[in-house]
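Asks: What follows is a structure written as structure tokens; I'll ask about it next.
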There are 2 protein chains.
Amino acid sequence: MKKAVVLLSGGMDSATTLAIARQSGFACYALSIDYGQRHVAELAAAARIGQSLQVSDHQFLKLDLAVLASSVLTDISATVPLHGTSTGIPVTYVPARNTIMLALALAWAEVLGSHDIFIGVTAVDYSGYPDCRRDYIDAFEKMANLATKAGREGMVLTVHAPLIDLPKREIIQCGMELGIDYGLTVSCYQADEAGYACGQCDACHIRRAGFEAADIPDPTCYRNKQIS
Amino acid sequence: MKKAVVLLSGGMDSATTLAIARQSGFACYALSIDYGQRHVAELAAAARIGQSLQVSDHQFLKLDLAVLASSVLTDISATVPLHGTSTGIPVTYVPARNTIMLALALAWAEVLGSHDIFIGVTAVDYSGYPDCRRDYIDAFEKMANLATKAGREGMVLTVHAPLIDLPKREIIQCGMELGIDYGLTVSCYQADEAGYACGQCDACHIRRAGFEAADIPDPTCYRNKQIS
């Protein structure tokens, strides 16, 4: 079996991406980065998802980006944006996050002798994020092939972003067909330690709208039962 | 003053690169990555160099690459290559190291509002490393401009690699003109905690040959006095 490194955050998109990689016949090596984000519940979710989708290995790497980066996702004193998505680049954007995570995935891929990296970015719901777009992924892949031994020796490394053109509704439909239990995933920017969602932040809004559009009952555990 | 993020390892090349960035009129923000390498003496050297070249700020970021990467530079049980350089990609190559370090520099640059990153790679003495070559640096720069807010908004980010075409002799001559005390730097792959060099490894060989070629006394502190 060919090996793939799959970036796994604990959210819906990366869980679906892992299921797709597995379905495509890869032995999956899940990589979760703890970059000091406020929603540590996501990492617990990542562990559950990795186990449920029978990854070959799962590594958790700690990286204290708070030293460098100011963002509401790493600064617990800030307030996350509520009530709907906004235009432009969101304030929840973490500088160079996908570049850092893909670089770490690249390192592991090289060690494993893997030529396939999967990342669950989507340009549809998160078009405001510069590092979720197709031209960025293509540019990373090109750079990666010049960065590594394998690339220099003619083995082509591919960065797979299977969700990039899918709206949340289709991501959910795809994942349901692959048997994902989305109740294991956490999307909320301010989930509590047990993984209960606020139901108010942008991530919760996008998630709930996705289940509604897919006409599938929302399995999310909300702190405020009245939301669900 | 424009800000630049400068990757500073504690070796000669990054010290020279910092001096060049400073000479070019940048306020320099030094970034040193502790990726679990055996030569921790390099980080102490980085701190000395940053102080001596009056950086505006110096951050040390810990990243335990040993979880992912197998390399003699991160595995203290391995033996480093001795007696001269070899052909091909060296065994001391750390997978995706420059990609990871540049990604972290990119994150800090974005936070600082800086559009300039300096890295002291050279394609001359280390031609075996895929991520020390011009085409790689150019590809990273292109990717970085698609990855970031600033790049998307038309601010061009530049990855400077001022040493890339210079042999060690010219790097040393350049650094001496800029007033660098190379006695502060550590190159040895197996330097002891006080920074004393072995005099035997590839890095020591390249370093000493550079001073000889530049006709400048070697300021390196060797453990075995007979070497110097």
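Chain identifiers are assigned as A, B, and so on, following the order in which chains appear in the structure tokens; residues are numbered from 1 within each chain, and ligands are numbered from 1 in order of appearance.
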If we count only C-alpha atoms and set the cut-off at 9 Å, which residues sit around Met1 (chain A), ignoring sequence neighbours fewer than 5 positions away in its own chain? Please answer as a ChimeraX atom specification.

Replies: /A:25-27

Asks: Selection from above, all heavy atoms, as a short mmCIF file (atom, residue, chain, number, x, y, z; two decimals), in the first residue's frame, can you write it?

Replies:
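Below is the file out_38.cif, written as the result:
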data_model
loop_
_atom_site.label_atom_id
_atom_site.label_comp_id
_atom_site.auth_asym_id
_atom_site.auth_seq_id
_atom_site.Cartn_x
_atom_site.Cartn_y
_atom_site.Cartn_z
N GLY A 25 -7.14 4.12 -1.30
CA GLY A 25 -6.21 3.00 -1.18
C GLY A 25 -4.89 3.32 -0.50
O GLY A 25 -3.96 2.51 -0.53
N PHE A 26 -4.78 4.48 0.12
CA PHE A 26 -3.55 4.83 0.80
C PHE A 26 -3.54 4.30 2.24
O PHE A 26 -4.59 4.27 2.90
CB PHE A 26 -3.37 6.35 0.86
CG PHE A 26 -3.00 6.98 -0.46
CD1 PHE A 26 -3.97 7.59 -1.24
CD2 PHE A 26 -1.69 6.95 -0.91
CE1 PHE A 26 -3.64 8.16 -2.47
CE2 PHE A 26 -1.34 7.52 -2.13
CZ PHE A 26 -2.32 8.12 -2.90
N ALA A 27 -2.34 3.89 2.69
CA ALA A 27 -2.11 3.73 4.12
C ALA A 27 -1.90 5.14 4.67
O ALA A 27 -1.00 5.85 4.22
CB ALA A 27 -0.87 2.88 4.36
#

Asks: Using only C-alpha atoms, find the residues of chain B whose closest atom to chain A is at most 6 Å away, then write them as a list in words.

Replies: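 Result: Leu63, Leu68, Ala69, Pro95, Ala96, Thr99, Ile100, Ala103, Ala107, Trp108, Val111, Pro130, Asp131, Tyr136, Ala139, Phe140, Met143, Leu146, Ala147 and Thr148 of chain B.
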
Asks: Put those residues in a file: C-alpha atoms, as an mmCIF file, in the first residue's frame.

Replies:
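Resulting contents of out-v1.cif:
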data_model
loop_
_atom_site.group_PDB
_atom_site.id
_atom_site.type_symbol
_atom_site.label_atom_id
_atom_site.label_comp_id
_atom_site.auth_asym_id
_atom_site.auth_seq_id
_atom_site.Cartn_x
_atom_site.Cartn_y
_atom_site.Cartn_z
ATOM 1 C CA LEU B 63 9.970 22.280 17.213
ATOM 2 C CA LEU B 68 8.966 13.036 12.259
ATOM 3 C CA ALA B 69 12.457 13.147 10.894
ATOM 4 C CA PRO B 95 13.961 16.559 5.540
ATOM 5 C CA ALA B 96 12.223 19.758 4.508
ATOM 6 C CA THR B 99 10.879 24.740 3.938
ATOM 7 C CA ILE B 100 9.840 24.514 7.590
ATOM 8 C CA ALA B 103 7.411 28.845 6.569
ATOM 9 C CA ALA B 107 4.469 33.621 9.589
ATOM 10 C CA TRP B 108 6.536 36.069 11.619
ATOM 11 C CA VAL B 111 2.744 39.378 11.799
ATOM 12 C CA PRO B 130 18.027 20.244 -2.652
ATOM 13 C CA ASP B 131 16.638 23.077 -0.565
ATOM 14 C CA TYR B 136 13.937 26.138 -4.774
ATOM 15 C CA ALA B 139 9.625 28.561 -5.939
ATOM 16 C CA PHE B 140 9.249 29.209 -2.198
ATOM 17 C CA MET B 143 4.337 30.187 -3.141
ATOM 18 C CA LEU B 146 0.152 33.384 -2.852
ATOM 19 C CA ALA B 147 0.015 32.221 0.790
ATOM 20 C CA THR B 148 -0.299 35.543 2.526
#

Asks: What's around Ala41 (chain A) at 9 Å? Count only C-alpha atoms, leave out sequence neighbours fewer than 6 positions away in its own chain, and write the answer as a ChimeraX atom specification.

Replies: /A:10,186,190-196

Asks: What residues in region 11-190 of chain A get the DSSP label alpha helix (DSSP H)? Please answer as a ChimeraX atom specification.

Replies: /A:12-23,41-52,97-112,134-147,149-152,168-177

Asks: Can you tell me how far CA of Thr158 (chain A) sits from CA of Val5 (chain A), in Å to one decimal?

Replies: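 Atom-to-atom, CA of Thr158 (chain A) and CA of Val5 (chain A) are spaced 10.7 Å apart.
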
Asks: So how far away is CA of Lys2 (chain B) from CA of Val156 (chain B), in Å?

Replies: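 Pair CA of Val156 (chain B) / CA of Lys2 (chain B) returns 13.5 Å.
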
Asks: Find the spatial neighbours of region 13-18 of chain B, counting only C-alpha atoms, within a cut-off of 7 Å - ignore same-chain residues fewer than 3 positions away - and output them as a PyMOL selection string.

Replies: chain B and resi 6-10+21-22+49+118-120+162+175

Asks: Using only C-alpha atoms, which residues sit within 8 Å of Val55 (chain B) once same-chain residues fewer than 2 positions away are excluded, as a list of chain:residue names?

Replies: B:Ala27, B:Cys28, B:Tyr29, B:Ala30, B:Gly50, B:Gln51, B:Leu53, B:Asp57, B:His58

Asks: Kindly save the residues from that selection, with C-alpha atoms included, as a compact mmCIF listing (two decimals), in the first residue's frame.

Replies:
# COMPACT_ATOMS: atom_id res chain seq x y z
CA ALA B 27 15.70 46.45 11.13
CA CYS B 28 16.45 42.76 11.68
CA TYR B 29 14.21 40.25 13.47
CA ALA B 30 16.25 37.10 14.05
CA GLY B 50 22.10 38.37 17.41
CA GLN B 51 23.28 40.47 20.34
CA LEU B 53 24.70 42.53 15.48
CA ASP B 57 14.19 41.19 18.28
CA HIS B 58 15.29 37.55 18.49

Asks: Please report the interatomic distance between CA of Ile117 (chain B) and CA of Leu157 (chain B) in Å with one decimal.

Replies: 7.8 Å

Asks: Of the residues B:Met12, B:Ala47, B:Cys174, B:Ala66, which is the one nearest to Arg208 (chain B), using only C-alpha atoms?

Replies: B:Met12

Asks: Got a sec to tell me which of region 41-208 of chain B DSSP assigns to strand (DSSP E or B), as a PDB file with N, CA, C and O atoms, in the first residue's frame?

Replies:
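What ended up in out25.pdb:
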ATOM      1  N   ASP B  57      14.823  42.217  17.452  1.00  0.00           N
ATOM      2  CA  ASP B  57      14.194  41.186  18.276  1.00  0.00           C
ATOM      3  C   ASP B  57      14.801  39.845  17.870  1.00  0.00           C
ATOM      4  O   ASP B  57      15.314  39.701  16.753  1.00  0.00           O
ATOM      5  N   HIS B  58      14.755  38.883  18.802  1.00  0.00           N
ATOM      6  CA  HIS B  58      15.287  37.548  18.489  1.00  0.00           C
ATOM      7  C   HIS B  58      14.369  36.525  19.139  1.00  0.00           C
ATOM      8  O   HIS B  58      14.209  36.505  20.355  1.00  0.00           O
ATOM      9  N   GLN B  59      13.736  35.694  18.317  1.00  0.00           N
ATOM     10  CA  GLN B  59      12.846  34.674  18.856  1.00  0.00           C
ATOM     11  C   GLN B  59      13.455  33.294  18.630  1.00  0.00           C
ATOM     12  O   GLN B  59      14.043  33.031  17.578  1.00  0.00           O
ATOM     13  N   PHE B  60      13.295  32.441  19.644  1.00  0.00           N
ATOM     14  CA  PHE B  60      13.725  31.045  19.549  1.00  0.00           C
ATOM     15  C   PHE B  60      12.473  30.178  19.591  1.00  0.00           C
ATOM     16  O   PHE B  60      11.669  30.300  20.517  1.00  0.00           O
ATOM     17  N   LEU B  61      12.322  29.342  18.593  1.00  0.00           N
ATOM     18  CA  LEU B  61      11.104  28.538  18.482  1.00  0.00           C
ATOM     19  C   LEU B  61      11.471  27.066  18.563  1.00  0.00           C
ATOM     20  O   LEU B  61      12.343  26.602  17.830  1.00  0.00           O
ATOM     21  N   LYS B  62      10.819  26.360  19.457  1.00  0.00           N
ATOM     22  CA  LYS B  62      11.128  24.940  19.643  1.00  0.00           C
ATOM     23  C   LYS B  62      10.194  24.086  18.796  1.00  0.00           C
ATOM     24  O   LYS B  62       8.991  24.302  18.770  1.00  0.00           O
ATOM     25  N   LEU B  63      10.764  23.129  18.108  1.00  0.00           N
ATOM     26  CA  LEU B  63       9.970  22.280  17.213  1.00  0.00           C
ATOM     27  C   LEU B  63      10.629  20.911  17.206  1.00  0.00           C
ATOM     28  O   LEU B  63      11.752  20.757  16.720  1.00  0.00           O
ATOM     29  N   LEU B  82      32.504  11.949   8.554  1.00  0.00           N
ATOM     30  CA  LEU B  82      33.815  12.549   8.828  1.00  0.00           C
ATOM     31  C   LEU B  82      34.657  12.576   7.562  1.00  0.00           C
ATOM     32  O   LEU B  82      34.345  11.938   6.574  1.00  0.00           O
ATOM     33  N   ASP B 116      10.307  41.053   3.772  1.00  0.00           N
ATOM     34  CA  ASP B 116      11.647  40.581   3.425  1.00  0.00           C
ATOM     35  C   ASP B 116      12.108  39.505   4.401  1.00  0.00           C
ATOM     36  O   ASP B 116      12.107  39.714   5.617  1.00  0.00           O
ATOM     37  N   ILE B 117      12.502  38.362   3.835  1.00  0.00           N
ATOM     38  CA  ILE B 117      13.034  37.250   4.624  1.00  0.00           C
ATOM     39  C   ILE B 117      14.443  36.964   4.107  1.00  0.00           C
ATOM     40  O   ILE B 117      14.664  36.929   2.888  1.00  0.00           O
ATOM     41  N   PHE B 118      15.366  36.784   5.036  1.00  0.00           N
ATOM     42  CA  PHE B 118      16.746  36.451   4.650  1.00  0.00           C
ATOM     43  C   PHE B 118      17.092  35.041   5.132  1.00  0.00           C
ATOM     44  O   PHE B 118      16.820  34.685   6.276  1.00  0.00           O
ATOM     45  N   THR B 158       9.830  39.202  -0.595  1.00  0.00           N
ATOM     46  CA  THR B 158      11.076  38.746  -1.212  1.00  0.00           C
ATOM     47  C   THR B 158      11.833  37.826  -0.260  1.00  0.00           C
ATOM     48  O   THR B 158      11.980  38.134   0.923  1.00  0.00           O
ATOM     49  N   VAL B 159      12.266  36.674  -0.778  1.00  0.00           N
ATOM     50  CA  VAL B 159      13.154  35.796  -0.013  1.00  0.00           C
ATOM     51  C   VAL B 159      14.574  36.056  -0.508  1.00  0.00           C
ATOM     52  O   VAL B 159      14.910  35.745  -1.654  1.00  0.00           O
ATOM     53  N   HIS B 160      15.367  36.678   0.361  1.00  0.00           N
ATOM     54  CA  HIS B 160      16.740  37.029   0.002  1.00  0.00           C
ATOM     55  C   HIS B 160      17.678  35.884   0.384  1.00  0.00           C
ATOM     56  O   HIS B 160      17.650  35.417   1.526  1.00  0.00           O
ATOM     57  N   ALA B 197      34.740  22.932  18.671  1.00  0.00           N
ATOM     58  CA  ALA B 197      34.501  22.137  17.461  1.00  0.00           C
ATOM     59  C   ALA B 197      35.362  20.884  17.447  1.00  0.00           C
ATOM     60  O   ALA B 197      36.438  20.833  18.055  1.00  0.00           O
ATOM     61  N   CYS B 201      34.510  16.819  11.272  1.00  0.00           N
ATOM     62  CA  CYS B 201      33.304  16.587  10.463  1.00  0.00           C
ATOM     63  C   CYS B 201      33.324  17.440   9.188  1.00  0.00           C
ATOM     64  O   CYS B 201      34.160  18.332   9.033  1.00  0.00           O
TER      65      CYS B 201
END

Asks: Of the candidates A:Thr220, A:Thr122, A:Gln23, A:Ser114, which shows the shortest atom-to-atom distance to Glu170 (chain A), using only C-alpha atoms?

Replies: A:Thr122
